[in-house]
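Student: This is the structure, below, for whatever I ask next.
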Amino acid sequence: MDLSCVVLNDLHPHAFADTARTAEEAGVRTVFSYDHLSWRDLRDGPWFAAVPLLAAAALATERVRLGTLVASPNYRHPVTFAAEVMTLDQLSGGRVELGVGAGTSAHDASVLGVPPLTPRERQDRFEEWTTLLRTLLSQRVTDVAGEHYTAHDARNLPGPVAGRVPFTVAAAGRRGMRFAARLREGWVTYGEGEPRPGDGVEEAVARFTAPLERFAALPGAGEVRKVALLGLDERGAYADWPRFAGALAEAGYDEVCVHWPRPDGRGLPSGTLAGVLRTCELTTG
């Protein structure tokens with residue numbers, strides 16, 4: 001498996017770029033940032049926007065991939081966002097990994113005063129948003145009139161370096177999983193259920209194998225890159241990392257994504273990065 005990491009957006013852009021460079025030197029595949037306007041218990045402190053942070057990281061690195069985890073329609077229009085993603089992809093030399101999701105009803109959804117949507121309405125909007133975003137990032141001129149979004153003579157020049165940007169869809173429900181499988185690019189999951197303080201490696205493995213089994217049964221799922229995203233306060237997975245990583249690789253995951261070590265002790269335990277990377281390499285070999 002590959003190892004990727006989330007670097008949280010409370011780091012100043014200079015520190016974020018330095019951390020991305022450290023992750024690159026260590027051998028991490030992708031550095032992600034959360035594309036939220038604020039996040040959980042960090043809402044009252046500094047919080048920097050995802051795309052500018054990734055742009056700073058692009059200038060400080062050469063090889064590591066850079067991405068959102070995840071962008072959503074809650075406050076992004078596909079036409080303007082496609083222009084930002086294309087520019088970031090050009091700046092990084094084609095290293096963008098675009099994680100996308102339907103979004104929740106939390107602060108990102110209410111900050112602009114948009115009336116609350118049902119889960120079905122959010123998924124309807126997300127599928128249209130993602131389809132248009134992929135179109136915008138794969139052709140020069142786009143004209144679309146949809147239920148939620150319109151693009152009139154939308155130009156995306158020069159376009160992404162490779163002509164497209166890879167997408168990874170966050171999905172937990174049946175319909176979202178079907179959509180991810182239909183796109184046949186990437187799928188990311190938090191697993192099933194929240195980790196508890198007393199959880200061990202068995203519970204951590206069970207959290208991630210349950211949704212994977214459902215996803216793997218869908219048409220097209222075999223062609224999708226599968227990513228397990230560990231929560232910020234996950235502990236059970238780290239209790240016996242070789243066993244956890246081996247189980248995920250055997251189950252069919254291609255990548256595991258952890259939170260970069262933090263001063264508050266959350267995320268990947270400090271000093272374990274080299275061992276975690278080595279284990280991921282061994283599961284591949």
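We label chains A, B, ... in the order they appear in the structure tokens, count residues from 1 in each chain, and number ligands from 1 in the order shown.
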Would you list the contacts of Pro242 (chain A) as a list in words, taking every protein, DNA or RNA residue within 9 Å and counting only C-alpha atoms, but skipping same-chain residues closer than 5 positions in sequence?
Tutor: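 Skipping anything fewer than 5 positions along the chain leaves Ala247, Gly275, Val276, Thr279, Cys280 and Thr283 of chain A.
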Student: Could you check which of A:Phe126, A:Tyr34, A:Trp47, A:Tyr238 is closest to Phe179 (chain A), using only C-alpha atoms?
Tutor: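 Ranking A:Phe126, A:Tyr34, A:Trp47, A:Tyr238 by distance to Phe179 (chain A), first place goes to A:Phe126.
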Student: Assign secondary structure with DSSP using the backbone only, and return the residues of region 96-173 of chain A in helix (DSSP H, G or I) as a VMD selection string.
Tutor: chain A and resid 107 to 110 119 to 136
Student: Generate the output file for the selected residues, C-alpha atoms, as a JSON list (two decimals), in the first residue's frame.
Tutor:
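As a result, result-v1.json now contains:
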```json
[["chain", "number", "residue", "atom", "x", "y", "z"],
["A", 107, "HIS", "CA", -20.87, 24.76, 9.26],
["A", 108, "ASP", "CA", -19.63, 24.70, 5.65],
["A", 109, "ALA", "CA", -23.21, 24.11, 4.52],
["A", 110, "SER", "CA", -24.78, 26.90, 6.58],
["A", 119, "PRO", "CA", -29.12, 13.73, 2.26],
["A", 120, "ARG", "CA", -30.81, 12.86, -1.04],
["A", 121, "GLU", "CA", -30.73, 16.50, -2.18],
["A", 122, "ARG", "CA", -27.06, 16.79, -1.23],
["A", 123, "GLN", "CA", -26.22, 13.67, -3.23],
["A", 124, "ASP", "CA", -28.22, 14.91, -6.24],
["A", 125, "ARG", "CA", -26.32, 18.19, -6.14],
["A", 126, "PHE", "CA", -22.98, 16.44, -5.60],
["A", 127, "GLU", "CA", -23.33, 14.11, -8.57],
["A", 128, "GLU", "CA", -24.16, 17.01, -10.87],
["A", 129, "TRP", "CA", -21.36, 19.12, -9.36],
["A", 130, "THR", "CA", -18.76, 16.36, -9.76],
["A", 131, "THR", "CA", -19.82, 15.49, -13.29],
["A", 132, "LEU", "CA", -19.55, 19.11, -14.38],
["A", 133, "LEU", "CA", -16.25, 19.59, -12.56],
["A", 134, "ARG", "CA", -14.74, 16.56, -14.33],
["A", 135, "THR", "CA", -16.00, 17.89, -17.65],
["A", 136, "LEU", "CA", -14.54, 21.34, -17.04]]
```
Student: Using only C-alpha atoms for the distances, tell me which of A:Val70, A:Val114, A:Leu59, A:Cys257 is nearest to Val31 (chain A).
Tutor: A:Cys257
Student: Residues at most 12 Å from region 158-162 of chain A, counting only C-alpha atoms, excluding those fewer than 4 positions away in the same chain, as a PyMOL selection string?
Tutor: chain A and resi 82-98+134-141+154+166
Student: Write a file of the just-selected residues containing N, CA and C atoms, as an mmCIF file, in the first residue's frame.
Tutor:
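Wrote part27.cif, looks like this:
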```
data_model
loop_
_atom_site.group_PDB
_atom_site.id
_atom_site.type_symbol
_atom_site.label_atom_id
_atom_site.label_comp_id
_atom_site.auth_asym_id
_atom_site.auth_seq_id
_atom_site.Cartn_x
_atom_site.Cartn_y
_atom_site.Cartn_z
ATOM 1 N N ALA A 82 -12.940 24.760 -10.795
ATOM 2 C CA ALA A 82 -12.141 24.136 -11.856
ATOM 3 C C ALA A 82 -10.966 25.028 -12.244
ATOM 4 N N ALA A 83 -11.184 26.342 -12.262
ATOM 5 C CA ALA A 83 -10.090 27.253 -12.591
ATOM 6 C C ALA A 83 -8.999 27.205 -11.528
ATOM 7 N N GLU A 84 -9.390 27.114 -10.252
ATOM 8 C CA GLU A 84 -8.401 27.025 -9.176
ATOM 9 C C GLU A 84 -7.626 25.713 -9.244
ATOM 10 N N VAL A 85 -8.348 24.615 -9.477
ATOM 11 C CA VAL A 85 -7.701 23.302 -9.538
ATOM 12 C C VAL A 85 -6.738 23.230 -10.720
ATOM 13 N N MET A 86 -7.163 23.734 -11.875
ATOM 14 C CA MET A 86 -6.294 23.737 -13.050
ATOM 15 C C MET A 86 -5.024 24.543 -12.777
ATOM 16 N N THR A 87 -5.179 25.706 -12.147
ATOM 17 C CA THR A 87 -4.018 26.544 -11.855
ATOM 18 C C THR A 87 -3.076 25.839 -10.881
ATOM 19 N N LEU A 88 -3.630 25.210 -9.856
ATOM 20 C CA LEU A 88 -2.811 24.461 -8.905
ATOM 21 C C LEU A 88 -2.099 23.307 -9.598
ATOM 22 N N ASP A 89 -2.787 22.632 -10.501
ATOM 23 C CA ASP A 89 -2.175 21.513 -11.222
ATOM 24 C C ASP A 89 -1.016 21.998 -12.085
ATOM 25 N N GLN A 90 -1.192 23.133 -12.750
ATOM 26 C CA GLN A 90 -0.107 23.710 -13.539
ATOM 27 C C GLN A 90 1.065 24.102 -12.639
ATOM 28 N N LEU A 91 0.754 24.716 -11.501
ATOM 29 C CA LEU A 91 1.801 25.159 -10.576
ATOM 30 C C LEU A 91 2.616 23.987 -10.044
ATOM 31 N N SER A 92 1.950 22.857 -9.814
ATOM 32 C CA SER A 92 2.619 21.691 -9.226
ATOM 33 C C SER A 92 3.216 20.767 -10.267
ATOM 34 N N GLY A 93 3.026 21.071 -11.546
ATOM 35 C CA GLY A 93 3.526 20.183 -12.588
ATOM 36 C C GLY A 93 2.700 18.926 -12.748
ATOM 37 N N GLY A 94 1.404 19.026 -12.471
ATOM 38 C CA GLY A 94 0.514 17.877 -12.678
ATOM 39 C C GLY A 94 0.437 16.936 -11.506
ATOM 40 N N ARG A 95 0.526 17.458 -10.275
ATOM 41 C CA ARG A 95 0.549 16.583 -9.093
ATOM 42 C C ARG A 95 -0.722 16.656 -8.249
ATOM 43 N N VAL A 96 -1.813 17.151 -8.791
ATOM 44 C CA VAL A 96 -3.029 17.327 -8.004
ATOM 45 C C VAL A 96 -3.824 16.024 -7.912
ATOM 46 N N GLU A 97 -4.299 15.717 -6.700
ATOM 47 C CA GLU A 97 -5.233 14.619 -6.424
ATOM 48 C C GLU A 97 -6.496 15.267 -5.867
ATOM 49 N N LEU A 98 -7.596 15.201 -6.579
ATOM 50 C CA LEU A 98 -8.795 15.932 -6.183
ATOM 51 C C LEU A 98 -9.765 15.008 -5.447
ATOM 52 N N ARG A 134 -15.585 17.450 -13.512
ATOM 53 C CA ARG A 134 -14.744 16.560 -14.326
ATOM 54 C C ARG A 134 -14.744 17.011 -15.789
ATOM 55 N N THR A 135 -15.906 17.418 -16.275
ATOM 56 C CA THR A 135 -16.002 17.891 -17.654
ATOM 57 C C THR A 135 -15.159 19.140 -17.852
ATOM 58 N N LEU A 136 -15.287 20.083 -16.946
ATOM 59 C CA LEU A 136 -14.542 21.339 -17.043
ATOM 60 C C LEU A 136 -13.033 21.096 -17.036
ATOM 61 N N LEU A 137 -12.601 20.083 -16.286
ATOM 62 C CA LEU A 137 -11.171 19.800 -16.161
ATOM 63 C C LEU A 137 -10.648 18.875 -17.256
ATOM 64 N N SER A 138 -11.504 18.519 -18.208
ATOM 65 C CA SER A 138 -11.049 17.616 -19.265
ATOM 66 C C SER A 138 -11.297 18.156 -20.663
ATOM 67 N N GLN A 139 -11.882 19.366 -20.780
ATOM 68 C CA GLN A 139 -12.073 19.942 -22.106
ATOM 69 C C GLN A 139 -11.881 21.457 -22.041
ATOM 70 N N ARG A 140 -11.670 22.049 -23.189
ATOM 71 C CA ARG A 140 -11.303 23.462 -23.261
ATOM 72 C C ARG A 140 -12.475 24.405 -23.036
ATOM 73 N N VAL A 141 -13.637 24.073 -23.577
ATOM 74 C CA VAL A 141 -14.817 24.934 -23.492
ATOM 75 C C VAL A 141 -16.012 24.084 -23.093
ATOM 76 N N ALA A 154 -17.697 28.328 -20.657
ATOM 77 C CA ALA A 154 -16.684 28.282 -19.601
ATOM 78 C C ALA A 154 -15.364 27.789 -20.179
ATOM 79 N N PRO A 166 -7.041 13.411 -11.528
ATOM 80 C CA PRO A 166 -7.676 12.241 -10.918
ATOM 81 C C PRO A 166 -8.584 12.629 -9.751
#
```
Student: Find the residues near region 261-273 of chain A: any atom within 12 Å, counting only C-alpha atoms, skip ones fewer than 3 places away on the same chain, and give them as a VMD selection string.
Tutor: chain A and resid 3 to 11 19 22 to 23 25 to 28 42 229 to 242 256 to 258 276 to 280
Student: How would the residues just picked look written out with N, CA and C atoms as a compact mmCIF listing (two decimals), in the first residue's frame?
Tutor:
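Result went into part_27.txt, see below:
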```txt
# COMPACT_ATOMS: atom_id res chain seq x y z
N LEU A 3 1.29 5.20 1.44
CA LEU A 3 0.95 5.98 2.62
C LEU A 3 0.82 7.44 2.23
N SER A 4 -0.32 8.04 2.58
CA SER A 4 -0.54 9.47 2.39
C SER A 4 -0.87 10.10 3.73
N CYS A 5 -0.93 11.42 3.76
CA CYS A 5 -1.20 12.08 5.03
C CYS A 5 -2.05 13.32 4.84
N VAL A 6 -2.82 13.65 5.87
CA VAL A 6 -3.54 14.91 5.96
C VAL A 6 -2.73 15.83 6.87
N VAL A 7 -2.39 17.00 6.36
CA VAL A 7 -1.77 18.04 7.19
C VAL A 7 -2.87 19.07 7.44
N LEU A 8 -3.24 19.24 8.68
CA LEU A 8 -4.38 20.11 8.99
C LEU A 8 -4.07 21.57 8.70
N ASN A 9 -5.12 22.30 8.40
CA ASN A 9 -5.03 23.66 7.88
C ASN A 9 -4.78 24.72 8.94
N ASP A 10 -4.53 24.32 10.18
CA ASP A 10 -4.21 25.32 11.20
C ASP A 10 -2.74 25.71 11.19
N LEU A 11 -1.95 25.09 10.31
CA LEU A 11 -0.56 25.50 10.14
C LEU A 11 -0.47 26.72 9.24
N THR A 19 6.20 21.30 6.10
CA THR A 19 5.73 19.96 6.45
C THR A 19 5.54 19.11 5.20
N THR A 22 8.88 17.88 4.17
CA THR A 22 9.31 16.79 5.05
C THR A 22 8.62 15.49 4.68
N ALA A 23 7.32 15.57 4.41
CA ALA A 23 6.57 14.38 4.01
C ALA A 23 7.09 13.81 2.70
N GLU A 25 10.16 14.10 1.51
CA GLU A 25 11.46 13.50 1.76
C GLU A 25 11.33 12.14 2.44
N ALA A 26 10.27 11.97 3.22
CA ALA A 26 10.07 10.70 3.92
C ALA A 26 9.54 9.62 2.99
N GLY A 27 8.88 9.99 1.88
CA GLY A 27 8.35 9.02 0.95
C GLY A 27 6.84 8.92 0.92
N VAL A 28 6.16 9.90 1.52
CA VAL A 28 4.70 9.93 1.50
C VAL A 28 4.21 10.16 0.07
N LEU A 42 -11.23 22.87 16.13
CA LEU A 42 -10.22 23.86 15.75
C LEU A 42 -10.85 25.14 15.20
N LEU A 229 -8.97 6.27 5.16
CA LEU A 229 -8.58 7.49 5.85
C LEU A 229 -8.78 7.31 7.35
N LEU A 230 -7.70 7.29 8.10
CA LEU A 230 -7.78 7.14 9.54
C LEU A 230 -8.18 8.45 10.20
N GLY A 231 -9.06 8.38 11.19
CA GLY A 231 -9.50 9.57 11.90
C GLY A 231 -8.37 10.20 12.71
N LEU A 232 -8.56 11.47 13.04
CA LEU A 232 -7.54 12.20 13.79
C LEU A 232 -7.25 11.53 15.13
N ASP A 233 -8.27 10.98 15.77
CA ASP A 233 -8.11 10.39 17.10
C ASP A 233 -8.06 8.87 17.07
N GLU A 234 -7.76 8.30 15.92
CA GLU A 234 -7.62 6.85 15.81
C GLU A 234 -6.43 6.38 16.64
N ARG A 235 -6.64 5.34 17.43
CA ARG A 235 -5.53 4.78 18.22
C ARG A 235 -5.36 3.28 17.97
N GLY A 236 -6.47 2.59 17.77
CA GLY A 236 -6.39 1.15 17.62
C GLY A 236 -5.52 0.72 16.46
N ALA A 237 -5.56 1.46 15.35
CA ALA A 237 -4.77 1.09 14.18
C ALA A 237 -3.28 1.14 14.46
N TYR A 238 -2.86 2.06 15.33
CA TYR A 238 -1.44 2.22 15.61
C TYR A 238 -0.93 1.26 16.68
N ALA A 239 -1.85 0.62 17.39
CA ALA A 239 -1.44 -0.29 18.47
C ALA A 239 -0.62 -1.46 17.93
N ASP A 240 -0.96 -1.94 16.77
CA ASP A 240 -0.20 -3.00 16.10
C ASP A 240 -0.25 -2.69 14.62
N TRP A 241 0.51 -1.69 14.21
CA TRP A 241 0.42 -1.19 12.84
C TRP A 241 0.70 -2.26 11.79
N PRO A 242 1.73 -3.10 11.93
CA PRO A 242 1.98 -4.11 10.89
C PRO A 242 0.77 -5.01 10.65
N VAL A 256 -3.40 3.96 2.47
CA VAL A 256 -3.90 4.35 3.78
C VAL A 256 -3.43 5.78 4.04
N CYS A 257 -4.32 6.61 4.56
CA CYS A 257 -4.03 8.02 4.78
C CYS A 257 -4.15 8.32 6.27
N VAL A 258 -3.11 8.89 6.85
CA VAL A 258 -3.08 9.21 8.27
C VAL A 258 -3.00 10.72 8.45
N VAL A 276 5.96 3.14 9.92
CA VAL A 276 4.68 3.04 9.22
C VAL A 276 4.91 2.97 7.70
N LEU A 277 5.80 3.81 7.20
CA LEU A 277 6.12 3.78 5.78
C LEU A 277 6.72 2.43 5.38
N ARG A 278 7.62 1.93 6.20
CA ARG A 278 8.26 0.66 5.88
C ARG A 278 7.24 -0.48 5.82
N THR A 279 6.29 -0.47 6.75
CA THR A 279 5.26 -1.50 6.74
C THR A 279 4.42 -1.42 5.48
N CYS A 280 4.07 -0.21 5.06
CA CYS A 280 3.28 -0.05 3.83
C CYS A 280 4.05 -0.57 2.63
```
